[in-house]
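Asks: Structure supplied as target-v2.pdb; contents: PDB, C-alpha atoms.
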```
ATOM      1  CA  LYS S   1       7.703  -3.273  31.079  1.00  0.00           C
ATOM      2  CA  MET S   2      10.126  -3.606  28.176  1.00  0.00           C
ATOM      3  CA  HIS S   3       8.813  -0.394  26.624  1.00  0.00           C
ATOM      4  CA  GLN S   4       9.463   1.460  29.889  1.00  0.00           C
ATOM      5  CA  ILE S   5      13.234   0.849  29.952  1.00  0.00           C
ATOM      6  CA  SER S   6      15.151   4.071  29.319  1.00  0.00           C
ATOM      7  CA  VAL S   7      16.756   4.035  25.867  1.00  0.00           C
ATOM      8  CA  GLU S   8      19.842   5.715  27.381  1.00  0.00           C
ATOM      9  CA  LYS S   9      20.651   2.375  29.063  1.00  0.00           C
ATOM     10  CA  PHE S  10      21.578   0.932  25.670  1.00  0.00           C
ATOM     11  CA  GLY S  11      23.841   3.705  24.432  1.00  0.00           C
ATOM     12  CA  ASP S  12      24.460   3.253  20.725  1.00  0.00           C
ATOM     13  CA  LYS S  13      24.577  -0.551  20.783  1.00  0.00           C
ATOM     14  CA  LEU S  14      21.171  -1.200  19.201  1.00  0.00           C
ATOM     15  CA  ALA S  15      19.887  -0.503  15.708  1.00  0.00           C
ATOM     16  CA  GLY S  16      18.103   2.818  15.630  1.00  0.00           C
ATOM     17  CA  ALA S  17      20.076   4.320  18.526  1.00  0.00           C
ATOM     18  CA  LYS S  18      21.929   6.824  16.334  1.00  0.00           C
ATOM     19  CA  ILE S  19      19.245   7.437  13.740  1.00  0.00           C
ATOM     20  CA  SER S  20      15.576   8.346  13.783  1.00  0.00           C
ATOM     21  CA  THR S  21      12.891   5.684  13.798  1.00  0.00           C
ATOM     22  CA  ARG S  22      11.854   7.046  10.419  1.00  0.00           C
ATOM     23  CA  GLN S  23      15.329   6.448   8.938  1.00  0.00           C
ATOM     24  CA  ARG S  24      15.640   2.980  10.483  1.00  0.00           C
ATOM     25  CA  MET S  25      12.296   2.041   8.966  1.00  0.00           C
ATOM     26  CA  LEU S  26      13.233   3.455   5.554  1.00  0.00           C
ATOM     27  CA  ASP S  27      16.427   1.382   5.701  1.00  0.00           C
ATOM     28  CA  ASP S  28      14.426  -1.737   6.661  1.00  0.00           C
ATOM     29  CA  ILE S  29      11.884  -1.122   3.906  1.00  0.00           C
ATOM     30  CA  GLU S  30      14.620  -0.690   1.310  1.00  0.00           C
ATOM     31  CA  GLY S  31      16.535  -3.766   2.480  1.00  0.00           C
ATOM     32  CA  PHE S  32      13.528  -6.085   2.566  1.00  0.00           C
ATOM     33  CA  GLN S  33      12.239  -4.857  -0.782  1.00  0.00           C
ATOM     34  CA  GLN S  34      15.642  -5.474  -2.381  1.00  0.00           C
ATOM     35  CA  ARG S  35      15.808  -8.993  -0.930  1.00  0.00           C
ATOM     36  CA  TRP S  36      12.298  -9.718  -2.186  1.00  0.00           C
ATOM     37  CA  ASN S  37      13.052  -8.348  -5.658  1.00  0.00           C
ATOM     38  CA  MET S  38      16.101 -10.638  -5.901  1.00  0.00           C
ATOM     39  CA  THR S  39      13.848 -13.691  -5.533  1.00  0.00           C
ATOM     40  CA  GLY S  40      12.020 -12.980  -8.780  1.00  0.00           C
ATOM     41  CA  PHE S  41       8.668 -13.885  -7.188  1.00  0.00           C
ATOM     42  CA  HIS S  42       5.906 -11.404  -7.976  1.00  0.00           C
ATOM     43  CA  SER S  43       3.132 -10.116  -5.752  1.00  0.00           C
ATOM     44  CA  ILE S  44       0.963  -7.139  -6.615  1.00  0.00           C
ATOM     45  CA  ALA S  45      -0.176  -6.892  -2.992  1.00  0.00           C
ATOM     46  CA  LEU S  46       3.395  -6.818  -1.729  1.00  0.00           C
ATOM     47  CA  GLU S  47       4.364  -4.186  -4.294  1.00  0.00           C
ATOM     48  CA  ILE S  48       1.449  -1.969  -3.237  1.00  0.00           C
ATOM     49  CA  ALA S  49       2.219  -2.517   0.457  1.00  0.00           C
ATOM     50  CA  PHE S  50       5.888  -1.588   0.064  1.00  0.00           C
ATOM     51  CA  GLY S  51       4.788   1.591  -1.703  1.00  0.00           C
ATOM     52  CA  TRP S  52       2.257   2.402   1.011  1.00  0.00           C
ATOM     53  CA  VAL S  53       4.649   1.969   3.959  1.00  0.00           C
ATOM     54  CA  ARG S  54       7.275   4.074   2.172  1.00  0.00           C
ATOM     55  CA  THR S  55       4.805   6.824   1.189  1.00  0.00           C
ATOM     56  CA  ASN S  56       3.318   6.938   4.690  1.00  0.00           C
ATOM     57  CA  ILE S  57       6.631   6.835   6.567  1.00  0.00           C
ATOM     58  CA  ASP S  58       5.441   9.687   8.812  1.00  0.00           C
ATOM     59  CA  PHE S  59       3.192   7.126  10.528  1.00  0.00           C
ATOM     60  CA  ALA S  60       6.331   5.280  11.723  1.00  0.00           C
ATOM     61  CA  ASP S  61       7.388   8.089  14.057  1.00  0.00           C
ATOM     62  CA  GLY S  62       6.369   8.200  17.692  1.00  0.00           C
ATOM     63  CA  ALA S  63       7.819   7.434  21.099  1.00  0.00           C
ATOM     64  CA  ARG S  64      11.267   5.827  21.187  1.00  0.00           C
ATOM     65  CA  THR S  65      11.786   2.792  23.384  1.00  0.00           C
ATOM     66  CA  LEU S  66      13.455  -0.596  23.351  1.00  0.00           C
ATOM     67  CA  ILE S  67      11.492  -2.767  20.904  1.00  0.00           C
ATOM     68  CA  HIS S  68      11.814  -6.484  20.235  1.00  0.00           C
ATOM     69  CA  LYS S  69      10.461  -6.472  16.625  1.00  0.00           C
ATOM     70  CA  ASP S  70       9.656 -10.222  16.672  1.00  0.00           C
ATOM     71  CA  ILE S  71       7.584 -10.461  19.824  1.00  0.00           C
ATOM     72  CA  GLY S  72       4.996 -13.198  20.053  1.00  0.00           C
ATOM     73  CA  CYS S  73       4.179 -16.516  21.654  1.00  0.00           C
ATOM     74  CA  HIS S  74       6.920 -18.161  19.596  1.00  0.00           C
ATOM     75  CA  ASN S  75       9.517 -16.077  21.476  1.00  0.00           C
ATOM     76  CA  MET S  76       8.150 -16.330  25.020  1.00  0.00           C
ATOM     77  CA  LEU S  77       8.832 -18.654  27.906  1.00  0.00           C
ATOM     78  CA  VAL S  78       5.888 -18.937  30.279  1.00  0.00           C
ATOM     79  CA  LYS S  79       5.862 -20.303  33.819  1.00  0.00           C
ATOM     80  CA  ASP S  80       2.827 -20.348  36.107  1.00  0.00           C
ATOM     81  CA  ASN S  81       0.771 -18.385  33.560  1.00  0.00           C
ATOM     82  CA  GLN S  82       3.309 -15.541  33.533  1.00  0.00           C
ATOM     83  CA  VAL S  83       5.790 -14.597  30.829  1.00  0.00           C
ATOM     84  CA  SER S  84       9.157 -15.356  32.434  1.00  0.00           C
ATOM     85  CA  ALA S  85      11.425 -14.531  29.478  1.00  0.00           C
ATOM     86  CA  LEU S  86      11.477 -13.122  25.958  1.00  0.00           C
ATOM     87  CA  LEU S  87      13.765 -14.946  23.541  1.00  0.00           C
ATOM     88  CA  ASP S  88      15.526 -14.115  20.258  1.00  0.00           C
ATOM     89  CA  TRP S  89      16.663 -10.539  20.714  1.00  0.00           C
ATOM     90  CA  GLU S  90      18.699 -10.372  17.484  1.00  0.00           C
ATOM     91  CA  THR S  91      16.192  -7.985  15.873  1.00  0.00           C
ATOM     92  CA  ALA S  92      15.878  -5.657  18.901  1.00  0.00           C
ATOM     93  CA  ALA S  93      16.171  -1.944  18.208  1.00  0.00           C
ATOM     94  CA  ILE S  94      15.327   1.488  19.469  1.00  0.00           C
ATOM     95  CA  GLY S  95      12.039   2.503  17.896  1.00  0.00           C
ATOM     96  CA  ASN S  96       8.351   3.132  18.245  1.00  0.00           C
ATOM     97  CA  PRO S  97       6.629   0.675  20.644  1.00  0.00           C
ATOM     98  CA  ALA S  98       3.769   0.637  18.133  1.00  0.00           C
ATOM     99  CA  GLN S  99       6.021  -1.658  16.075  1.00  0.00           C
ATOM    100  CA  ASP S 100       5.753  -4.385  18.722  1.00  0.00           C
ATOM    101  CA  LEU S 101       2.026  -3.744  19.191  1.00  0.00           C
ATOM    102  CA  GLY S 102       1.353  -3.787  15.439  1.00  0.00           C
ATOM    103  CA  TYR S 103       3.355  -7.003  15.164  1.00  0.00           C
ATOM    104  CA  LEU S 104       1.279  -8.617  17.929  1.00  0.00           C
ATOM    105  CA  LYS S 105      -2.119  -7.385  16.765  1.00  0.00           C
ATOM    106  CA  HIS S 106      -2.906 -10.301  14.407  1.00  0.00           C
ATOM    107  CA  THR S 107      -2.074 -12.863  17.102  1.00  0.00           C
ATOM    108  CA  ILE S 108      -3.824 -11.038  19.930  1.00  0.00           C
ATOM    109  CA  GLU S 109      -7.054 -10.696  17.934  1.00  0.00           C
ATOM    110  CA  GLN S 110      -7.183 -14.488  17.662  1.00  0.00           C
ATOM    111  CA  VAL S 111      -7.200 -14.991  21.427  1.00  0.00           C
ATOM    112  CA  MET S 112      -8.755 -11.893  23.001  1.00  0.00           C
ATOM    113  CA  ASP S 113     -10.347  -8.534  22.349  1.00  0.00           C
ATOM    114  CA  TRP S 114      -7.753  -6.092  20.958  1.00  0.00           C
ATOM    115  CA  ASN S 115      -9.061  -3.112  22.945  1.00  0.00           C
ATOM    116  CA  GLU S 116      -8.958  -5.138  26.152  1.00  0.00           C
ATOM    117  CA  PHE S 117      -5.339  -6.015  25.374  1.00  0.00           C
ATOM    118  CA  LEU S 118      -4.489  -2.345  24.814  1.00  0.00           C
ATOM    119  CA  GLN S 119      -6.164  -1.385  28.111  1.00  0.00           C
ATOM    120  CA  THR S 120      -4.075  -4.043  29.864  1.00  0.00           C
ATOM    121  CA  TYR S 121      -0.938  -2.731  28.134  1.00  0.00           C
ATOM    122  CA  VAL S 122      -1.630   0.818  29.378  1.00  0.00           C
ATOM    123  CA  ALA S 123      -2.545  -0.405  32.881  1.00  0.00           C
ATOM    124  CA  ALA S 124       0.847  -2.151  33.020  1.00  0.00           C
ATOM    125  CA  GLY S 125       2.588   1.155  32.258  1.00  0.00           C
ATOM    126  CA  GLY S 126       2.732   1.207  28.462  1.00  0.00           C
ATOM    127  CA  LYS S 127       1.965   4.449  26.660  1.00  0.00           C
ATOM    128  CA  MET S 128      -0.742   4.167  24.040  1.00  0.00           C
ATOM    129  CA  PRO S 129       0.490   4.844  20.492  1.00  0.00           C
ATOM    130  CA  SER S 130      -1.998   6.242  18.020  1.00  0.00           C
ATOM    131  CA  GLU S 131      -4.223   3.910  16.038  1.00  0.00           C
ATOM    132  CA  THR S 132      -2.449   5.195  12.928  1.00  0.00           C
ATOM    133  CA  GLU S 133       0.935   4.091  14.262  1.00  0.00           C
ATOM    134  CA  ILE S 134      -0.388   0.633  15.180  1.00  0.00           C
ATOM    135  CA  ASP S 135      -2.048   0.245  11.759  1.00  0.00           C
ATOM    136  CA  TYR S 136       1.190   1.218  10.039  1.00  0.00           C
ATOM    137  CA  TYR S 137       3.184  -1.388  11.922  1.00  0.00           C
ATOM    138  CA  ALA S 138       0.498  -4.081  11.587  1.00  0.00           C
ATOM    139  CA  LEU S 139       0.838  -3.667   7.827  1.00  0.00           C
ATOM    140  CA  TRP S 140       4.640  -3.568   8.071  1.00  0.00           C
ATOM    141  CA  ARG S 141       4.609  -6.830  10.075  1.00  0.00           C
ATOM    142  CA  THR S 142       2.808  -8.539   7.240  1.00  0.00           C
ATOM    143  CA  VAL S 143       5.074  -7.030   4.552  1.00  0.00           C
ATOM    144  CA  TRP S 144       8.124  -8.057   6.561  1.00  0.00           C
ATOM    145  CA  LEU S 145       6.811 -11.594   7.058  1.00  0.00           C
ATOM    146  CA  MET S 146       5.851 -12.010   3.392  1.00  0.00           C
ATOM    147  CA  SER S 147       9.321 -10.882   2.344  1.00  0.00           C
ATOM    148  CA  LEU S 148      10.934 -13.413   4.667  1.00  0.00           C
ATOM    149  CA  LEU S 149       8.663 -16.194   3.412  1.00  0.00           C
ATOM    150  CA  LEU S 150       9.422 -15.406  -0.230  1.00  0.00           C
ATOM    151  CA  ASN S 151      13.123 -15.495   0.568  1.00  0.00           C
ATOM    152  CA  ALA S 152      12.622 -18.859   2.277  1.00  0.00           C
ATOM    153  CA  LYS S 153      10.775 -20.139  -0.780  1.00  0.00           C
ATOM    154  CA  PHE S 154      13.508 -18.839  -3.073  1.00  0.00           C
ATOM    155  CA  GLY S 155      16.209 -20.501  -0.968  1.00  0.00           C
ATOM    156  CA  PHE S 156      14.411 -23.835  -1.116  1.00  0.00           C
ATOM    157  CA  VAL S 157      13.322 -23.715  -4.787  1.00  0.00           C
ATOM    158  CA  SER S 158      16.762 -22.600  -5.967  1.00  0.00           C
ATOM    159  CA  GLY S 159      18.420 -25.389  -3.982  1.00  0.00           C
ATOM    160  CA  ALA S 160      20.581 -22.883  -2.115  1.00  0.00           C
ATOM    161  CA  ILE S 161      19.041 -23.998   1.195  1.00  0.00           C
ATOM    162  CA  PRO S 162      17.727 -27.594   0.952  1.00  0.00           C
ATOM    163  CA  ASP S 163      15.547 -27.349   4.042  1.00  0.00           C
ATOM    164  CA  ILE S 164      12.031 -28.765   3.746  1.00  0.00           C
ATOM    165  CA  GLN S 165      10.832 -26.438   6.548  1.00  0.00           C
ATOM    166  CA  LEU S 166      11.755 -23.452   4.391  1.00  0.00           C
ATOM    167  CA  GLY S 167       9.931 -25.010   1.470  1.00  0.00           C
ATOM    168  CA  TYR S 168       6.839 -25.465   3.635  1.00  0.00           C
ATOM    169  CA  ALA S 169       7.049 -21.935   5.081  1.00  0.00           C
ATOM    170  CA  GLY S 170       7.646 -20.417   1.685  1.00  0.00           C
ATOM    171  CA  GLU S 171       4.711 -22.160   0.059  1.00  0.00           C
ATOM    172  CA  TYR S 172       1.992 -22.828   2.607  1.00  0.00           C
ATOM    173  CA  LEU S 173       2.548 -20.014   5.090  1.00  0.00           C
ATOM    174  CA  PHE S 174       3.119 -17.509   2.303  1.00  0.00           C
ATOM    175  CA  GLN S 175      -0.407 -18.088   0.979  1.00  0.00           C
ATOM    176  CA  ARG S 176      -1.883 -17.503   4.450  1.00  0.00           C
ATOM    177  CA  VAL S 177       0.125 -14.334   5.008  1.00  0.00           C
ATOM    178  CA  GLU S 178      -0.699 -13.035   1.535  1.00  0.00           C
ATOM    179  CA  GLY S 179      -4.393 -13.341   2.442  1.00  0.00           C
ATOM    180  CA  GLN S 180      -3.708 -11.355   5.622  1.00  0.00           C
ATOM    181  CA  LEU S 181      -1.885  -8.710   3.579  1.00  0.00           C
ATOM    182  CA  ASN S 182      -4.747  -8.350   1.100  1.00  0.00           C
ATOM    183  CA  LYS S 183      -7.225  -7.854   3.944  1.00  0.00           C
ATOM    184  CA  LEU S 184      -4.993  -5.349   5.744  1.00  0.00           C
ATOM    185  CA  LEU S 185      -4.335  -3.379   2.570  1.00  0.00           C
ATOM    186  CA  GLN S 186      -8.039  -2.979   1.938  1.00  0.00           C
ATOM    187  CA  GLN S 187      -8.606  -1.751   5.495  1.00  0.00           C
ATOM    188  CA  VAL S 188      -5.617   0.562   5.694  1.00  0.00           C
ATOM    189  CA  VAL S 189      -5.952   2.101   2.242  1.00  0.00           C
ATOM    190  CA  ALA S 190      -9.657   2.761   2.828  1.00  0.00           C
ATOM    191  CA  ARG S 191      -8.975   4.286   6.249  1.00  0.00           C
ATOM    192  CA  TYR S 192      -6.140   6.602   5.170  1.00  0.00           C
ATOM    193  CA  GLN S 193      -7.160   7.730   1.674  1.00  0.00           C
TER     194      GLN S 193
END
```
Show me the file's structure as structure tokens.
Replies:
Amino acid sequence: KMHQISVEKFGDKLAGAKISTRQRMLDDIEGFQQRWNMTGFHSIALEIAFGWVRTNIDFADGARTLIHKDIGCHNMLVKDNQVSALLDWETAAIGNPAQDLGYLKHTIEQVMDWNEFLQTYVAAGGKMPSETEIDYYALWRTVWLMSLLLNAKFGFVSGAIPDIQLGYAGEYLFQRVEGQLNKLLQQVVARYQ
């Protein structure tokens, strides 16, 4: 339903309203890569992934709708087996709905068949993005998350943010997400060579 709301309702109040999805993504890619580079932590997989999402920016384009950009179980309230609210809208933007779908893909595949989920999405009124668009944003989700985790690790290790949760996220979760990134890179690079 969220992806069916007319973007005109939001005027120019959301990120991406005045610029193309392509430009918003290029800005995000540049910003997250700069923040990662400032940490001094190295990752060959992350370097390759940043290059791939930048080089294949055409895959970012598509329909333009309201997108959440951090949609998942961690940002949902559920009552009587129905989602009653989505939380944490600070990253919301106007963009390709494939960004939300690509972000969700890793989680959905752990609990149900991905194609069944997509059929349910379309039956509820969503328009099906291309597989290429979803792949692009599934990879971007992992790049984005790895960048955030490395920044969390840097904040904890440097003493700038003495929060043990950041230390945990930056160390333990980073290793899990890096494994996801390696797997995704192999799939995506092989598919789009």
Asks: Would you kindly translate the PyMOL selection byres ((chain S and resi 33) around 10) into the concrete residues it picks from this file, as a list in words?
Replies: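 Evaluating the PyMOL selection byres ((chain S and resi 33) around 10) on these coordinates yields Asp27, Asp28, Ile29, Glu30, Gly31, Phe32, Gln34, Arg35, Trp36, Asn37, Met38, Leu46, Glu47, Phe50, Gly51, Val143, Trp144 and Ser147 of chain S.
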Asks: Would you please work out which residue, of S:Ser20, S:Ala123, S:Gly170, S:Leu66, is nearest to Phe154 of chain S when using only C-alpha atoms?
Replies: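 So, comparing all the options, the nearest one is S:Gly170.
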Asks: Residue by residue, what does the PyMOL selection byres ((chain S and resi 102-112) around 9) grab here? Present the result as a count of residues only.
Replies: 26
Asks: From the set S:Ile67, S:Leu149, S:Leu166, S:Ile44, which residue has the shortest atom-to-atom contact distance to Ile94 of chain S, counting all atoms listed in the file?
Replies: S:Ile67
Asks: Just give me the gap between atom CA of Phe156 of chain S and atom CA of Asn75 of chain S in Å, one decimal is fine.
Replies: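 Computed distance, atom CA of Phe156 of chain S to atom CA of Asn75 of chain S, equals 24.4 Å.
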Asks: Please report the interatomic distance between atom CA of Asn96 of chain S and atom CA of Leu26 of chain S in Å with one decimal.
Replies: 13.6 Å
Asks: Determine the nearest neighbour of His68 of chain S from the options S:Leu14, S:Ala124, S:Ala49, S:Ala169, counting all atoms listed in the file.
Replies: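 Distance minimum relative to His68 of chain S lands on S:Leu14.
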Asks: Calculate how many Å separate atom CA of Met146 of chain S from atom CA of Gln193 of chain S, rounding to one decimal.
Replies: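 Going from atom CA of Met146 of chain S over to atom CA of Gln193 of chain S, I get 23.7 Å.
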Asks: Under the rule that all atoms listed in the file are counted, which of S:Thr132, S:Ala92, S:Val7, S:Leu77 is the nearest residue to Val189 of chain S?
Replies: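 Closest to Val189 of chain S of all the choices is S:Thr132.
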Asks: Scan for residues within 9 Å of the point (7.1, 7.6, 10.2) in the coordinates of the file, using all atoms listed in the file, and reply as a list in words.
Replies: Thr21, Arg22, Gln23, Met25, Leu26, Val53, Arg54, Asn56, Ile57, Asp58, Phe59, Ala60, Asp61, Gly62, Glu133 and Tyr136 of chain S
Asks: From the set S:Val157, S:Leu150, S:Asp163, S:Asn182, which residue has the shortest atom-to-atom contact distance to His42 of chain S, counting only C-alpha atoms?
Replies: S:Leu150
Asks: For Gly11 of chain S, which residue out of S:Ala160, S:Val122, S:Ala190, S:Ala93 is the nearest one, using only C-alpha atoms?
Replies: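 Under the stated criterion, the closest residue is S:Ala93.
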Asks: So that I can look at just that part, could you write segment 11-22 of chain S with all heavy atoms, as a PDB file, in the first residue's frame?
Replies:
```
ATOM      1  N   GLY S  11       5.038  16.528  -2.053  1.00  0.00           N
ATOM      2  CA  GLY S  11       5.685  17.734  -2.549  1.00  0.00           C
ATOM      3  C   GLY S  11       7.179  17.522  -2.656  1.00  0.00           C
ATOM      4  O   GLY S  11       7.636  16.503  -3.159  1.00  0.00           O
ATOM      5  N   ASP S  12       7.938  18.478  -2.130  1.00  0.00           N
ATOM      6  CA  ASP S  12       9.400  18.369  -2.191  1.00  0.00           C
ATOM      7  C   ASP S  12       9.999  18.134  -0.810  1.00  0.00           C
ATOM      8  O   ASP S  12      11.159  18.420  -0.567  1.00  0.00           O
ATOM      9  CB  ASP S  12      10.005  19.610  -2.840  1.00  0.00           C
ATOM     10  CG  ASP S  12       9.700  20.896  -2.081  1.00  0.00           C
ATOM     11  OD1 ASP S  12       9.018  20.836  -1.038  1.00  0.00           O
ATOM     12  OD2 ASP S  12      10.154  21.954  -2.532  1.00  0.00           O
ATOM     13  N   LYS S  13       9.208  17.572   0.099  1.00  0.00           N
ATOM     14  CA  LYS S  13       9.634  17.411   1.485  1.00  0.00           C
ATOM     15  C   LYS S  13      10.539  16.215   1.731  1.00  0.00           C
ATOM     16  O   LYS S  13      11.208  16.148   2.740  1.00  0.00           O
ATOM     17  CB  LYS S  13       8.415  17.326   2.400  1.00  0.00           C
ATOM     18  CG  LYS S  13       7.597  18.601   2.413  1.00  0.00           C
ATOM     19  CD  LYS S  13       6.373  18.466   3.250  1.00  0.00           C
ATOM     20  CE  LYS S  13       5.577  19.756   3.149  1.00  0.00           C
ATOM     21  NZ  LYS S  13       4.264  19.634   3.697  1.00  0.00           N
ATOM     22  N   LEU S  14      10.544  15.238   0.829  1.00  0.00           N
ATOM     23  CA  LEU S  14      11.346  14.035   1.034  1.00  0.00           C
ATOM     24  C   LEU S  14      12.573  14.023   0.132  1.00  0.00           C
ATOM     25  O   LEU S  14      12.545  14.578  -0.970  1.00  0.00           O
ATOM     26  CB  LEU S  14      10.504  12.782   0.746  1.00  0.00           C
ATOM     27  CG  LEU S  14       9.397  12.467   1.734  1.00  0.00           C
ATOM     28  CD1 LEU S  14       8.596  11.264   1.263  1.00  0.00           C
ATOM     29  CD2 LEU S  14       9.955  12.204   3.121  1.00  0.00           C
ATOM     30  N   ALA S  15      13.610  13.355   0.597  1.00  0.00           N
ATOM     31  CA  ALA S  15      14.805  13.159  -0.233  1.00  0.00           C
ATOM     32  C   ALA S  15      14.386  12.512  -1.542  1.00  0.00           C
ATOM     33  O   ALA S  15      13.536  11.627  -1.556  1.00  0.00           O
ATOM     34  CB  ALA S  15      15.812  12.269   0.498  1.00  0.00           C
ATOM     35  N   GLY S  16      14.961  12.957  -2.620  1.00  0.00           N
ATOM     36  CA  GLY S  16      14.669  12.385  -3.920  1.00  0.00           C
ATOM     37  C   GLY S  16      13.500  13.031  -4.637  1.00  0.00           C
ATOM     38  O   GLY S  16      13.238  12.714  -5.790  1.00  0.00           O
ATOM     39  N   ALA S  17      12.781  13.944  -3.975  1.00  0.00           N
ATOM     40  CA  ALA S  17      11.616  14.567  -4.602  1.00  0.00           C
ATOM     41  C   ALA S  17      12.022  15.480  -5.757  1.00  0.00           C
ATOM     42  O   ALA S  17      11.335  15.550  -6.760  1.00  0.00           O
ATOM     43  CB  ALA S  17      10.806  15.338  -3.567  1.00  0.00           C
ATOM     44  N   LYS S  18      13.139  16.162  -5.614  1.00  0.00           N
ATOM     45  CA  LYS S  18      13.562  17.146  -6.621  1.00  0.00           C
ATOM     46  C   LYS S  18      14.643  16.626  -7.553  1.00  0.00           C
ATOM     47  O   LYS S  18      15.059  17.338  -8.454  1.00  0.00           O
ATOM     48  CB  LYS S  18      14.077  18.408  -5.933  1.00  0.00           C
ATOM     49  CG  LYS S  18      13.023  19.191  -5.206  1.00  0.00           C
ATOM     50  CD  LYS S  18      13.642  20.467  -4.671  1.00  0.00           C
ATOM     51  CE  LYS S  18      12.602  21.354  -4.049  1.00  0.00           C
ATOM     52  NZ  LYS S  18      13.179  22.617  -3.584  1.00  0.00           N
ATOM     53  N   ILE S  19      15.110  15.424  -7.303  1.00  0.00           N
ATOM     54  CA  ILE S  19      16.165  14.863  -8.143  1.00  0.00           C
ATOM     55  C   ILE S  19      15.768  13.452  -8.574  1.00  0.00           C
ATOM     56  O   ILE S  19      14.883  12.840  -7.977  1.00  0.00           O
ATOM     57  CB  ILE S  19      17.536  14.834  -7.411  1.00  0.00           C
ATOM     58  CG1 ILE S  19      17.465  14.009  -6.126  1.00  0.00           C
ATOM     59  CG2 ILE S  19      18.051  16.246  -7.143  1.00  0.00           C
ATOM     60  CD1 ILE S  19      18.803  13.814  -5.422  1.00  0.00           C
ATOM     61  N   SER S  20      16.442  12.949  -9.574  1.00  0.00           N
ATOM     62  CA  SER S  20      16.143  11.599 -10.049  1.00  0.00           C
ATOM     63  C   SER S  20      16.582  10.558  -9.022  1.00  0.00           C
ATOM     64  O   SER S  20      17.450  10.816  -8.175  1.00  0.00           O
ATOM     65  CB  SER S  20      16.865  11.344 -11.372  1.00  0.00           C
ATOM     66  OG  SER S  20      18.266  11.307 -11.164  1.00  0.00           O
ATOM     67  N   THR S  21      15.983   9.388  -9.124  1.00  0.00           N
ATOM     68  CA  THR S  21      16.400   8.277  -8.263  1.00  0.00           C
ATOM     69  C   THR S  21      17.873   7.982  -8.493  1.00  0.00           C
ATOM     70  O   THR S  21      18.620   7.726  -7.538  1.00  0.00           O
ATOM     71  CB  THR S  21      15.545   7.026  -8.551  1.00  0.00           C
ATOM     72  OG1 THR S  21      14.182   7.348  -8.265  1.00  0.00           O
ATOM     73  CG2 THR S  21      15.987   5.836  -7.714  1.00  0.00           C
ATOM     74  N   ARG S  22      18.290   8.048  -9.735  1.00  0.00           N
ATOM     75  CA  ARG S  22      19.688   7.819 -10.088  1.00  0.00           C
ATOM     76  C   ARG S  22      20.608   8.773  -9.319  1.00  0.00           C
ATOM     77  O   ARG S  22      21.593   8.354  -8.719  1.00  0.00           O
ATOM     78  CB  ARG S  22      19.835   8.013 -11.597  1.00  0.00           C
ATOM     79  CG  ARG S  22      21.219   7.916 -12.106  1.00  0.00           C
ATOM     80  CD  ARG S  22      21.239   8.380 -13.581  1.00  0.00           C
ATOM     81  NE  ARG S  22      22.527   8.163 -14.139  1.00  0.00           N
ATOM     82  CZ  ARG S  22      22.823   7.178 -14.963  1.00  0.00           C
ATOM     83  NH1 ARG S  22      21.910   6.307 -15.324  1.00  0.00           N
ATOM     84  NH2 ARG S  22      24.036   7.054 -15.418  1.00  0.00           N
TER      85      ARG S  22
END
```
